[in-house]
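Shown next: model.cif, containing mmCIF, C-alpha atoms.
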```cif
data_work
loop_
_atom_site.label_atom_id
_atom_site.label_comp_id
_atom_site.auth_asym_id
_atom_site.auth_seq_id
_atom_site.Cartn_x
_atom_site.Cartn_y
_atom_site.Cartn_z
CA MET A 269 -12.59 -2.21 1.89
CA LYS A 270 -12.72 -5.67 0.33
CA THR A 271 -15.48 -4.63 -2.08
CA PHE A 272 -13.55 -1.49 -3.04
CA TYR A 273 -10.43 -3.42 -4.04
CA ASP A 274 -12.33 -6.32 -5.60
CA GLU A 275 -14.10 -3.86 -7.90
CA LEU A 276 -10.99 -1.81 -8.61
CA ALA A 277 -8.61 -4.72 -9.28
CA SER A 278 -9.06 -4.88 -13.06
CA ASN A 279 -8.59 -1.10 -13.43
CA TYR A 280 -6.05 -0.40 -10.68
CA HIS A 281 -3.26 0.32 -13.16
CA LEU A 282 -5.33 3.22 -14.55
CA ILE A 283 -4.68 5.25 -11.39
CA PHE A 284 -1.09 5.68 -12.59
CA GLU A 285 0.15 7.59 -15.58
CA ASP A 286 2.34 4.56 -16.36
CA TRP A 287 1.94 1.61 -13.99
CA GLU A 288 4.94 -0.28 -15.36
CA ALA A 289 7.16 2.72 -14.78
CA SER A 290 5.76 3.09 -11.23
CA ILE A 291 6.49 -0.58 -10.48
CA LYS A 292 10.13 -0.13 -11.48
CA ARG A 293 10.50 3.26 -9.80
CA GLN A 294 9.11 2.09 -6.45
CA ALA A 295 11.25 -1.05 -6.44
CA ALA A 296 14.31 1.08 -7.21
CA VAL A 297 13.54 3.07 -4.04
CA LEU A 298 12.45 0.25 -1.72
CA GLY A 299 15.11 -2.29 -2.71
CA PRO A 300 18.09 -0.23 -1.55
CA ILE A 301 16.28 0.71 1.67
CA LEU A 302 15.67 -2.96 2.49
CA GLU A 303 19.23 -3.96 1.63
CA ARG A 304 20.75 -1.11 3.63
CA GLU A 305 18.64 -1.73 6.71
CA LEU A 306 19.15 -5.50 6.69
CA SER A 307 22.72 -5.59 5.35
CA ALA A 308 21.69 -8.29 2.90
CA THR A 309 20.62 -8.72 -0.71
CA LYS A 310 18.91 -12.15 -0.90
CA LEU A 311 15.85 -11.25 1.13
CA ARG A 312 12.60 -13.00 1.97
CA ILE A 313 9.81 -10.43 1.94
CA LEU A 314 6.13 -10.55 2.82
CA ASP A 315 3.97 -7.92 1.14
CA CYS A 316 0.97 -8.01 3.47
CA ALA A 317 -1.21 -5.58 1.48
CA CYS A 318 -0.08 -6.45 -2.02
CA GLY A 319 -3.07 -5.25 -4.02
CA THR A 320 -2.50 -6.01 -7.70
CA GLY A 321 1.25 -6.23 -7.18
CA THR A 322 2.83 -2.79 -7.55
CA GLN A 323 5.54 -3.49 -4.95
CA THR A 324 5.40 -7.29 -5.09
CA VAL A 325 6.17 -7.46 -8.81
CA GLY A 326 8.85 -4.80 -8.63
CA LEU A 327 10.70 -6.38 -5.71
CA ALA A 328 10.43 -9.90 -7.13
CA SER A 329 11.89 -8.54 -10.37
CA ARG A 330 14.93 -7.46 -8.36
CA GLY A 331 15.52 -11.04 -7.28
CA TYR A 332 13.95 -11.06 -3.82
CA ARG A 333 11.82 -13.99 -2.72
CA VAL A 334 8.42 -12.37 -2.23
CA THR A 335 5.27 -13.80 -0.66
CA ALA A 336 2.17 -11.63 -1.02
CA CYS A 337 -1.30 -11.39 0.47
CA ASP A 338 -4.30 -9.12 0.43
CA LEU A 339 -7.87 -9.07 1.72
CA SER A 340 -9.13 -8.75 -1.86
CA SER A 341 -9.24 -12.07 -3.70
CA ALA A 342 -9.62 -10.23 -7.03
CA ALA A 343 -6.48 -8.19 -6.35
CA VAL A 344 -4.50 -11.29 -5.38
CA LYS A 345 -5.67 -13.07 -8.51
CA ARG A 346 -4.51 -10.20 -10.69
CA MET A 347 -1.19 -9.97 -8.81
CA CYS A 348 -0.57 -13.66 -9.54
CA VAL A 349 -1.35 -13.12 -13.23
CA GLU A 350 0.99 -10.12 -13.40
CA ALA A 351 3.77 -12.09 -11.70
CA SER A 352 3.25 -15.11 -13.95
CA GLN A 353 3.35 -12.97 -17.10
CA ARG A 354 6.75 -11.72 -15.97
CA ARG A 355 7.90 -15.25 -15.08
CA LEU A 356 8.25 -14.37 -11.42
CA ASP A 357 7.80 -16.98 -8.71
CA VAL A 358 5.49 -15.28 -6.20
CA GLN A 359 3.16 -17.03 -3.77
CA GLY A 360 -0.14 -15.24 -3.31
CA PHE A 361 -2.62 -15.66 -0.47
CA VAL A 362 -5.93 -14.09 0.52
CA ALA A 363 -5.47 -12.85 4.07
CA ASP A 364 -6.64 -9.99 6.27
CA LEU A 365 -4.07 -7.68 7.89
CA LEU A 366 -5.79 -8.52 11.18
CA ASP A 367 -5.06 -12.23 10.82
CA LEU A 368 -1.95 -13.29 8.94
CA THR A 369 -2.05 -16.87 10.23
CA PHE A 370 -3.25 -17.93 6.77
CA ILE A 371 0.29 -17.27 5.52
CA PRO A 372 2.03 -20.61 6.10
CA GLU A 373 5.55 -19.20 6.24
CA GLY A 374 7.18 -17.06 8.87
CA GLY A 375 10.59 -15.73 9.73
CA PHE A 376 10.60 -13.14 6.95
CA ASP A 377 13.47 -10.68 6.68
CA ALA A 378 11.01 -7.89 5.95
CA VAL A 379 7.27 -7.24 5.88
CA ILE A 380 6.03 -4.32 3.79
CA CYS A 381 2.63 -2.62 3.94
CA MET A 382 2.57 0.17 1.37
CA ASP A 383 0.19 2.59 -0.34
CA ASN A 384 -1.67 3.83 2.76
CA ALA A 385 -3.14 0.40 3.57
CA LEU A 386 -3.13 0.66 7.38
CA PRO A 387 -5.45 3.70 7.52
CA HIS A 388 -8.23 1.54 6.10
CA LEU A 389 -8.47 0.02 9.59
CA ASP A 390 -11.28 1.45 11.71
CA SER A 391 -9.53 2.03 15.02
CA GLN A 392 -6.23 2.26 16.85
CA ASP A 393 -6.95 -1.18 18.33
CA GLN A 394 -7.14 -2.67 14.84
CA VAL A 395 -3.87 -0.99 13.85
CA ALA A 396 -2.30 -2.49 16.97
CA GLN A 397 -3.70 -5.92 16.08
CA ALA A 398 -2.31 -5.66 12.55
CA THR A 399 1.16 -4.62 13.70
CA THR A 400 1.21 -7.50 16.18
CA GLN A 401 0.32 -9.92 13.37
CA ILE A 402 3.08 -8.42 11.23
CA ARG A 403 5.68 -8.71 13.99
CA ARG A 404 4.91 -12.41 14.37
CA LYS A 405 5.79 -12.94 10.71
CA LEU A 406 9.26 -11.42 11.06
CA ARG A 407 12.50 -13.02 12.14
CA PRO A 408 14.42 -11.47 15.05
CA GLY A 409 16.07 -8.37 13.65
CA GLY A 410 13.53 -8.26 10.83
CA LEU A 411 12.29 -5.04 9.29
CA PHE A 412 8.80 -3.61 8.91
CA VAL A 413 8.21 -0.94 6.26
CA ALA A 414 4.93 0.92 5.78
CA SER A 415 3.91 3.99 3.83
CA ILE A 416 1.10 6.27 4.98
CA ARG A 417 -0.26 9.57 3.73
CA ASP A 418 0.93 12.63 5.64
CA TYR A 419 -2.13 12.73 7.85
CA ASP A 420 -0.47 15.06 10.36
CA ALA A 421 -0.87 17.74 7.70
CA LEU A 422 -4.05 16.43 6.09
CA VAL A 423 -6.16 16.49 9.28
CA ARG A 424 -5.43 20.20 9.53
CA GLU A 425 -6.07 20.94 5.86
CA LYS A 426 -9.02 18.57 5.35
CA PRO A 427 -8.71 18.51 1.54
CA VAL A 428 -11.89 17.65 -0.34
CA VAL A 429 -10.43 16.89 -3.75
CA GLN A 430 -7.19 15.55 -5.24
CA GLY A 431 -6.43 15.95 -8.91
CA PRO A 432 -7.62 15.85 -11.54
CA ALA A 433 -4.69 14.21 -13.31
CA PHE A 434 -4.83 14.10 -17.09
CA TYR A 435 -3.22 11.18 -18.93
CA THR A 436 -3.22 9.87 -22.50
CA ASP A 437 -3.54 6.22 -23.59
CA ASP A 438 -2.73 5.67 -27.27
CA GLY A 439 -4.15 9.07 -28.14
CA ARG A 440 -7.24 8.77 -25.90
CA ARG A 441 -7.61 10.87 -22.80
CA ARG A 442 -7.93 9.60 -19.22
CA ILE A 443 -8.81 11.67 -16.16
CA VAL A 444 -8.24 10.47 -12.58
CA HIS A 445 -9.41 12.38 -9.52
CA GLN A 446 -10.47 11.84 -5.92
CA VAL A 447 -13.16 13.40 -3.73
CA TRP A 448 -12.83 13.18 0.06
CA ASP A 449 -15.95 13.57 2.22
CA TRP A 450 -14.82 14.11 5.82
CA PHE A 451 -17.50 12.92 8.23
CA ASP A 452 -15.56 13.66 11.43
CA ASP A 453 -12.15 15.01 12.40
CA ARG A 454 -10.37 11.81 11.47
CA ARG A 455 -12.47 9.80 9.03
CA TYR A 456 -13.43 10.40 5.43
CA THR A 457 -15.20 8.64 2.60
CA PHE A 458 -12.89 8.29 -0.36
CA HIS A 459 -14.33 8.54 -3.87
CA LEU A 460 -12.08 7.56 -6.77
CA TYR A 461 -13.17 8.49 -10.30
CA ILE A 462 -11.53 7.14 -13.45
CA THR A 463 -12.92 8.73 -16.62
CA ARG A 464 -11.76 7.50 -20.04
CA GLU A 465 -12.29 8.50 -23.62
CA THR A 466 -13.34 5.45 -25.68
CA SER A 467 -14.42 4.80 -29.25
CA ASP A 468 -18.02 5.12 -28.04
CA GLY A 469 -17.48 8.32 -26.09
CA TRP A 470 -16.59 8.95 -22.46
CA GLU A 471 -17.07 6.40 -19.67
CA SER A 472 -16.49 6.80 -15.94
CA GLN A 473 -15.96 4.38 -13.05
CA HIS A 474 -16.61 5.36 -9.44
CA TYR A 475 -15.09 3.47 -6.49
CA VAL A 476 -15.77 4.18 -2.80
CA SER A 477 -13.97 3.29 0.42
CA THR A 478 -13.23 4.82 3.82
CA TYR A 479 -10.07 5.85 5.64
CA ARG A 480 -9.18 6.87 9.17
CA ALA A 481 -6.39 9.43 9.39
CA LEU A 482 -3.49 7.75 11.19
CA LEU A 483 -1.04 10.17 12.78
CA ARG A 484 2.67 9.42 12.92
CA SER A 485 2.76 9.50 16.73
CA GLU A 486 -0.07 6.95 16.84
CA MET A 487 1.71 4.66 14.40
CA THR A 488 4.97 4.91 16.34
CA SER A 489 3.11 4.14 19.56
CA VAL A 490 1.42 0.97 18.27
CA LEU A 491 4.72 -0.25 16.82
CA GLU A 492 6.33 0.09 20.24
CA GLN A 493 3.38 -1.65 21.89
CA ALA A 494 3.71 -4.54 19.42
CA GLY A 495 7.37 -5.00 20.37
CA PHE A 496 9.11 -3.15 17.56
CA ILE A 497 12.15 -0.99 18.22
CA SER A 498 13.93 1.88 16.47
CA ALA A 499 10.87 3.26 14.66
CA ARG A 500 11.91 6.01 12.24
CA TRP A 501 10.09 8.14 9.68
CA PHE A 502 11.40 9.20 6.29
CA PHE A 503 9.75 11.77 4.06
CA PRO A 504 9.64 11.76 0.25
CA ALA A 505 12.44 14.31 -0.11
CA GLU A 506 14.75 11.95 1.79
CA SER A 507 13.50 8.50 0.77
CA GLY A 508 12.41 9.12 -2.81
CA PHE A 509 9.10 7.36 -2.11
CA TYR A 510 5.89 9.25 -2.78
CA GLN A 511 4.48 8.91 0.76
CA PRO A 512 6.08 9.13 4.23
CA ILE A 513 7.64 5.79 5.19
CA VAL A 514 8.04 4.31 8.66
CA LEU A 515 10.72 1.70 9.40
CA ALA A 516 10.87 -0.42 12.55
CA LYS A 517 12.68 -3.59 13.57
CA THR A 518 12.08 -6.59 15.78
CA PRO A 519 14.63 -7.03 18.57
CA VAL A 520 17.47 -9.45 17.92
CA GLY A 521 17.25 -12.57 20.06
CA VAL A 522 13.54 -12.18 20.80
CA PRO A 523 11.22 -14.71 19.08
#
```
Could I get this file's structure written as C-alpha coordinates?
Amino acid sequence: MKTFYDELASNYHLIFEDWEASIKRQAAVLGPILERELSATKLRILDCACGTGTQTVGLASRGYRVTACDLSSAAVKRMCVEASQRRLDVQGFVADLLDLTFIPEGGFDAVICMDNALPHLDSQDQVAQATTQIRRKLRPGGLFVASIRDYDALVREKPVVQGPAFYTDDGRRRIVHQVWDWFDDRRYTFHLYITRETSDGWESQHYVSTYRALLRSEMTSVLEQAGFISARWFFPAESGFYQPIVLAKTPVGVP
(Lines of atoms letter the chains of each structure in order from A and count residues from 1; the text may use other names and numbers.)
(Lines give C-alpha, C1' and ligand atoms only; values in the text may rest on other atoms or scores of the structure.)
Protein backbone atom coordinates (compact mmCIF):
# COMPACT_ATOMS: atom_id res chain seq x y z
CA MET A 1 0.00 0.00 0.00
CA LYS A 2 2.75 2.46 0.88
CA THR A 3 4.59 1.79 -2.39
CA PHE A 4 1.36 2.20 -4.36
CA TYR A 5 0.67 5.67 -2.96
CA ASP A 6 4.30 6.76 -2.97
CA GLU A 7 4.47 6.00 -6.69
CA LEU A 8 1.07 7.49 -7.47
CA ALA A 9 1.45 10.72 -5.46
CA SER A 10 2.76 12.91 -8.29
CA ASN A 11 0.01 11.74 -10.67
CA TYR A 12 -2.90 11.28 -8.27
CA HIS A 13 -4.78 14.28 -9.65
CA LEU A 14 -4.91 12.56 -13.06
CA ILE A 15 -7.45 10.05 -11.75
CA PHE A 16 -10.01 12.88 -11.75
CA GLU A 17 -11.46 14.70 -14.70
CA ASP A 18 -10.82 17.93 -12.77
CA TRP A 19 -9.14 17.50 -9.39
CA GLU A 20 -9.70 21.10 -8.32
CA ALA A 21 -13.40 20.78 -8.98
CA SER A 22 -13.48 17.48 -7.03
CA ILE A 23 -11.74 19.11 -4.05
CA LYS A 24 -14.40 21.83 -3.91
CA ARG A 25 -17.30 19.48 -4.59
CA GLN A 26 -16.32 16.99 -1.86
CA ALA A 27 -15.76 19.75 0.70
CA ALA A 28 -19.17 21.20 -0.17
CA VAL A 29 -20.69 17.81 0.72
CA LEU A 30 -18.58 16.92 3.78
CA GLY A 31 -18.56 20.36 5.41
CA PRO A 32 -22.31 20.57 5.98
CA ILE A 33 -22.41 16.97 7.21
CA LEU A 34 -19.74 17.71 9.81
CA GLU A 35 -21.40 20.95 10.91
CA ARG A 36 -24.84 19.35 11.16
CA GLU A 37 -23.65 16.35 13.13
CA LEU A 38 -21.51 18.37 15.52
CA SER A 39 -23.67 21.51 15.72
CA ALA A 40 -20.57 23.62 15.21
CA THR A 41 -18.67 25.44 12.47
CA LYS A 42 -15.14 26.03 13.85
CA LEU A 43 -14.05 22.41 13.84
CA ARG A 44 -10.77 20.62 14.48
CA ILE A 45 -10.48 17.74 12.03
CA LEU A 46 -7.99 14.91 11.59
CA ASP A 47 -7.81 13.45 8.09
CA CYS A 48 -6.17 10.12 8.92
CA ALA A 49 -5.76 8.92 5.31
CA CYS A 50 -5.16 12.25 3.61
CA GLY A 51 -3.36 11.10 0.48
CA THR A 52 -2.40 14.14 -1.59
CA GLY A 53 -5.05 16.25 0.10
CA THR A 54 -8.36 15.94 -1.73
CA GLN A 55 -10.43 16.30 1.46
CA THR A 56 -7.78 18.02 3.58
CA VAL A 57 -7.35 20.94 1.20
CA GLY A 58 -11.06 21.32 0.58
CA LEU A 59 -12.01 21.33 4.26
CA ALA A 60 -9.15 23.64 5.24
CA SER A 61 -10.33 26.01 2.50
CA ARG A 62 -13.68 26.16 4.29
CA GLY A 63 -11.97 27.45 7.42
CA TYR A 64 -11.66 24.28 9.48
CA ARG A 65 -8.46 23.55 11.37
CA VAL A 66 -7.23 20.38 9.68
CA THR A 67 -4.41 18.05 10.70
CA ALA A 68 -3.57 15.36 8.16
CA CYS A 69 -1.60 12.12 8.02
CA ASP A 70 -0.97 9.24 5.67
CA LEU A 71 1.23 6.15 5.47
CA SER A 72 2.76 7.49 2.24
CA SER A 73 5.47 10.08 2.85
CA ALA A 74 5.30 11.13 -0.82
CA ALA A 75 1.56 11.75 -0.56
CA VAL A 76 1.98 13.78 2.64
CA LYS A 77 4.73 15.83 1.03
CA ARG A 78 2.50 16.66 -1.92
CA MET A 79 -0.45 17.44 0.37
CA CYS A 80 1.72 19.95 2.24
CA VAL A 81 2.79 21.56 -1.04
CA GLU A 82 -0.82 21.79 -2.23
CA ALA A 83 -1.89 23.34 1.08
CA SER A 84 1.01 25.80 1.07
CA GLN A 85 0.26 26.90 -2.50
CA ARG A 86 -3.25 27.77 -1.35
CA ARG A 87 -1.94 29.51 1.79
CA LEU A 88 -3.63 27.01 4.06
CA ASP A 89 -2.22 26.17 7.49
CA VAL A 90 -2.29 22.37 7.58
CA GLN A 91 -0.04 20.15 9.68
CA GLY A 92 1.02 16.97 7.91
CA PHE A 93 2.39 13.80 9.46
CA VAL A 94 3.47 10.39 8.20
CA ALA A 95 1.49 7.86 10.22
CA ASP A 96 -0.09 4.45 9.76
CA LEU A 97 -3.83 4.00 10.38
CA LEU A 98 -2.82 1.20 12.76
CA ASP A 99 -0.80 3.56 14.95
CA LEU A 100 -1.87 7.19 15.18
CA THR A 101 0.27 7.91 18.25
CA PHE A 102 2.65 9.83 15.95
CA ILE A 103 -0.02 12.55 15.75
CA PRO A 104 0.83 14.78 18.74
CA GLU A 105 -2.65 16.26 19.10
CA GLY A 106 -5.84 14.66 20.27
CA GLY A 107 -9.35 15.66 21.18
CA PHE A 108 -10.42 16.26 17.59
CA ASP A 109 -14.02 17.13 16.83
CA ALA A 110 -13.96 14.80 13.84
CA VAL A 111 -11.72 12.20 12.22
CA ILE A 112 -12.28 11.44 8.54
CA CYS A 113 -11.02 8.44 6.56
CA MET A 114 -12.23 8.79 2.98
CA ASP A 115 -11.74 7.29 -0.48
CA ASN A 116 -11.97 3.60 0.47
CA ALA A 117 -8.84 3.70 2.66
CA LEU A 118 -9.91 1.17 5.31
CA PRO A 119 -10.31 -1.75 2.86
CA HIS A 120 -6.57 -1.62 2.22
CA LEU A 121 -6.21 -3.31 5.63
CA ASP A 122 -5.65 -7.06 5.45
CA SER A 123 -8.06 -8.32 8.09
CA GLN A 124 -10.99 -7.51 10.35
CA ASP A 125 -8.54 -7.37 13.26
CA GLN A 126 -6.61 -4.59 11.53
CA VAL A 127 -9.80 -2.67 10.83
CA ALA A 128 -10.66 -2.98 14.52
CA GLN A 129 -7.18 -1.76 15.47
CA ALA A 130 -7.52 1.23 13.15
CA THR A 131 -10.94 2.22 14.48
CA THR A 132 -9.65 1.97 18.04
CA GLN A 133 -6.75 4.28 17.15
CA ILE A 134 -9.21 6.69 15.54
CA ARG A 135 -11.51 6.71 18.56
CA ARG A 136 -8.60 7.65 20.81
CA LYS A 137 -8.02 10.77 18.72
CA LEU A 138 -11.57 12.04 19.17
CA ARG A 139 -13.07 14.10 21.94
CA PRO A 140 -16.14 12.77 23.77
CA GLY A 141 -19.05 13.30 21.40
CA GLY A 142 -16.65 13.45 18.46
CA LEU A 143 -17.54 12.21 15.00
CA PHE A 144 -15.92 9.60 12.76
CA VAL A 145 -16.65 9.73 9.03
CA ALA A 146 -15.44 7.13 6.52
CA SER A 147 -16.29 6.35 2.92
CA ILE A 148 -16.07 2.83 1.52
CA ARG A 149 -17.01 1.28 -1.81
CA ASP A 150 -20.33 -0.55 -1.86
CA TYR A 151 -18.74 -3.93 -1.26
CA ASP A 152 -22.05 -5.52 -0.28
CA ALA A 153 -22.92 -5.29 -3.96
CA LEU A 154 -19.42 -5.68 -5.38
CA VAL A 155 -18.70 -9.05 -3.73
CA ARG A 156 -21.73 -10.42 -5.54
CA GLU A 157 -20.91 -8.83 -8.89
CA LYS A 158 -17.12 -9.29 -8.77
CA PRO A 159 -16.41 -6.65 -11.44
CA VAL A 160 -13.14 -7.07 -13.31
CA VAL A 161 -12.88 -3.64 -14.90
CA GLN A 162 -13.94 -0.06 -14.18
CA GLY A 163 -13.89 2.57 -16.88
CA PRO A 164 -12.36 3.54 -19.13
CA ALA A 165 -12.94 7.24 -18.52
CA PHE A 166 -11.88 9.61 -21.28
CA TYR A 167 -10.65 13.09 -20.38
CA THR A 168 -8.95 15.95 -22.23
CA ASP A 169 -6.05 18.08 -20.94
CA ASP A 170 -5.40 21.17 -23.07
CA GLY A 171 -6.44 19.30 -26.19
CA ARG A 172 -4.57 16.08 -25.34
CA ARG A 173 -6.43 12.93 -24.43
CA ARG A 174 -6.19 11.03 -21.14
CA ILE A 175 -7.65 7.61 -20.40
CA VAL A 176 -8.11 6.22 -16.87
CA HIS A 177 -9.26 2.69 -16.13
CA GLN A 178 -8.99 -0.01 -13.49
CA VAL A 179 -8.62 -3.80 -13.66
CA TRP A 180 -9.61 -5.90 -10.64
CA ASP A 181 -8.15 -9.41 -10.27
CA TRP A 182 -10.16 -11.23 -7.59
CA PHE A 183 -8.03 -13.91 -5.94
CA ASP A 184 -10.64 -15.06 -3.42
CA ASP A 185 -14.20 -14.14 -2.44
CA ARG A 186 -13.12 -10.99 -0.65
CA ARG A 187 -9.72 -9.85 -1.90
CA TYR A 188 -8.59 -8.44 -5.21
CA THR A 189 -5.50 -6.97 -6.80
CA PHE A 190 -6.22 -3.48 -8.04
CA HIS A 191 -4.53 -2.27 -11.23
CA LEU A 192 -4.81 1.43 -12.06
CA TYR A 193 -3.82 2.57 -15.56
CA ILE A 194 -3.36 6.21 -16.55
CA THR A 195 -2.68 6.63 -20.28
CA ARG A 196 -1.89 10.08 -21.69
CA GLU A 197 -1.33 11.58 -25.10
CA THR A 198 1.92 13.60 -25.12
CA SER A 199 3.95 15.48 -27.70
CA ASP A 200 6.02 12.30 -28.13
CA GLY A 201 3.05 9.97 -28.45
CA TRP A 202 1.15 7.94 -25.87
CA GLU A 203 2.53 7.01 -22.44
CA SER A 204 0.98 4.82 -19.75
CA GLN A 205 1.53 4.40 -16.01
CA HIS A 206 0.50 1.27 -14.14
CA TYR A 207 -0.02 1.20 -10.36
CA VAL A 208 -0.88 -1.89 -8.28
CA SER A 209 -2.32 -2.41 -4.82
CA THR A 210 -4.66 -4.79 -2.99
CA TYR A 211 -8.01 -4.42 -1.27
CA ARG A 212 -10.14 -6.56 1.00
CA ALA A 213 -13.88 -6.10 0.50
CA LEU A 214 -15.25 -4.66 3.75
CA LEU A 215 -18.97 -5.23 4.25
CA ARG A 216 -21.14 -2.64 5.97
CA SER A 217 -22.15 -5.05 8.76
CA GLU A 218 -18.47 -5.74 9.47
CA MET A 219 -17.65 -2.05 9.61
CA THR A 220 -20.58 -1.34 11.92
CA SER A 221 -19.50 -4.22 14.16
CA VAL A 222 -15.90 -3.03 14.58
CA LEU A 223 -17.10 0.51 15.28
CA GLU A 224 -19.28 -0.80 18.10
CA GLN A 225 -16.41 -2.92 19.43
CA ALA A 226 -14.15 0.16 19.44
CA GLY A 227 -16.67 2.06 21.58
CA PHE A 228 -18.47 4.10 18.95
CA ILE A 229 -22.22 4.62 19.10
CA SER A 230 -24.98 5.57 16.65
CA ALA A 231 -23.30 4.17 13.53
CA ARG A 232 -25.29 5.13 10.43
CA TRP A 233 -24.81 4.65 6.70
CA PHE A 234 -25.65 7.16 3.99
CA PHE A 235 -25.65 6.38 0.28
CA PRO A 236 -24.68 8.73 -2.55
CA ALA A 237 -28.27 9.58 -3.46
CA GLU A 238 -28.80 10.88 0.08
CA SER A 239 -25.38 12.29 1.00
CA GLY A 240 -24.18 13.60 -2.35
CA PHE A 241 -20.82 11.87 -1.83
CA TYR A 242 -19.64 9.43 -4.47
CA GLN A 243 -19.24 6.45 -2.09
CA PRO A 244 -21.34 5.15 0.83
CA ILE A 245 -20.46 7.02 4.03
CA VAL A 246 -20.57 5.73 7.60
CA LEU A 247 -20.92 8.11 10.55
CA ALA A 248 -20.36 7.17 14.18
CA LYS A 249 -19.79 9.08 17.40
CA THR A 250 -17.88 8.64 20.64
CA PRO A 251 -20.06 8.67 23.76
CA VAL A 252 -20.32 11.96 25.63
CA GLY A 253 -18.60 11.86 29.00
CA VAL A 254 -16.39 8.88 28.14
CA PRO A 255 -12.66 9.65 27.65
Next on the checklist: Would you pick out the contacts of Leu302 of chain A at 12 Å or less, using all atoms listed in the file, so that residues sharing its chain but fewer than 6 positions from it are not included, and give the list as a ChimeraX atom specification?
Outcome noted: /A:295-296,308-313,327,330,332,377-380,410-414,507,515-517
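Residues with any atom within 12 Å of the point (-1.9, 9.8, 14.8), counting all atoms listed in the file, are A:Leu386, A:Pro387, A:Ser391, A:Gln392, A:Val395, A:Ile416, A:Arg417, A:Asp418, A:Tyr419, A:Asp420, A:Ala421, A:Leu422, A:Val423, A:Asp453, A:Arg454, A:Arg480, A:Ala481, A:Leu482, A:Leu483, A:Arg484, A:Ser485, A:Glu486, A:Met487, A:Thr488, A:Ser489, A:Val490.
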Could you dump the residues just selected with C-alpha atoms as a PDB file, keeping the file's coordinate frame?
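File produced: result08.pdb:
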```pdb
ATOM      1  CA  LEU A 386      -3.130   0.660   7.380  1.00  0.00           C
ATOM      2  CA  PRO A 387      -5.450   3.700   7.520  1.00  0.00           C
ATOM      3  CA  SER A 391      -9.530   2.030  15.020  1.00  0.00           C
ATOM      4  CA  GLN A 392      -6.230   2.260  16.850  1.00  0.00           C
ATOM      5  CA  VAL A 395      -3.870  -0.990  13.850  1.00  0.00           C
ATOM      6  CA  ILE A 416       1.100   6.270   4.980  1.00  0.00           C
ATOM      7  CA  ARG A 417      -0.260   9.570   3.730  1.00  0.00           C
ATOM      8  CA  ASP A 418       0.930  12.630   5.640  1.00  0.00           C
ATOM      9  CA  TYR A 419      -2.130  12.730   7.850  1.00  0.00           C
ATOM     10  CA  ASP A 420      -0.470  15.060  10.360  1.00  0.00           C
ATOM     11  CA  ALA A 421      -0.870  17.740   7.700  1.00  0.00           C
ATOM     12  CA  LEU A 422      -4.050  16.430   6.090  1.00  0.00           C
ATOM     13  CA  VAL A 423      -6.160  16.490   9.280  1.00  0.00           C
ATOM     14  CA  ASP A 453     -12.150  15.010  12.400  1.00  0.00           C
ATOM     15  CA  ARG A 454     -10.370  11.810  11.470  1.00  0.00           C
ATOM     16  CA  ARG A 480      -9.180   6.870   9.170  1.00  0.00           C
ATOM     17  CA  ALA A 481      -6.390   9.430   9.390  1.00  0.00           C
ATOM     18  CA  LEU A 482      -3.490   7.750  11.190  1.00  0.00           C
ATOM     19  CA  LEU A 483      -1.040  10.170  12.780  1.00  0.00           C
ATOM     20  CA  ARG A 484       2.670   9.420  12.920  1.00  0.00           C
ATOM     21  CA  SER A 485       2.760   9.500  16.730  1.00  0.00           C
ATOM     22  CA  GLU A 486      -0.070   6.950  16.840  1.00  0.00           C
ATOM     23  CA  MET A 487       1.710   4.660  14.400  1.00  0.00           C
ATOM     24  CA  THR A 488       4.970   4.910  16.340  1.00  0.00           C
ATOM     25  CA  SER A 489       3.110   4.140  19.560  1.00  0.00           C
ATOM     26  CA  VAL A 490       1.420   0.970  18.270  1.00  0.00           C
TER      27      VAL A 490
END
```
Next on the checklist: Just the number, please: distance in Å from atom CA of Pro372 of chain A to atom CA of Gly321 of chain A, one decimal.
Outcome noted: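 Atom CA of Pro372 of chain A sits 19.6 Å away from atom CA of Gly321 of chain A.
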Next on the checklist: If the PyMOL selection byres ((chain A and resi 458) around 10) were run on this exact file, what residues would it hold? Put them as a list in words.
Outcome noted: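 Here the PyMOL selection byres ((chain A and resi 458) around 10) matches Val428, Val429, Gln446, Val447, Trp448, Asp449, Trp450, Arg455, Tyr456, Thr457, His459, Leu460, Tyr461, Tyr475, Val476, Ser477, Thr478 and Tyr479 of chain A.
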Sel. within 7 Å of pt (-12.5, 9.4, -24.0), counting all atoms listed in the file, output as a JSON list (two decimals) with C-alpha atoms, keeping the file's coordinate frame:
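Dumped to selection.json:
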```
[["chain", "number", "residue", "atom", "x", "y", "z"],
["A", 440, "ARG", "CA", -7.24, 8.77, -25.90],
["A", 441, "ARG", "CA", -7.61, 10.87, -22.80],
["A", 442, "ARG", "CA", -7.93, 9.60, -19.22],
["A", 464, "ARG", "CA", -11.76, 7.50, -20.04],
["A", 465, "GLU", "CA", -12.29, 8.50, -23.62],
["A", 466, "THR", "CA", -13.34, 5.45, -25.68],
["A", 469, "GLY", "CA", -17.48, 8.32, -26.09],
["A", 470, "TRP", "CA", -16.59, 8.95, -22.46],
["A", 471, "GLU", "CA", -17.07, 6.40, -19.67]]
```
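Between Gln401 of chain A and the residues A:Ser341, A:Ala494, A:Gly360, A:His388, the shortest atom-to-atom distance, using all atoms listed in the file, involves A:Ala494.
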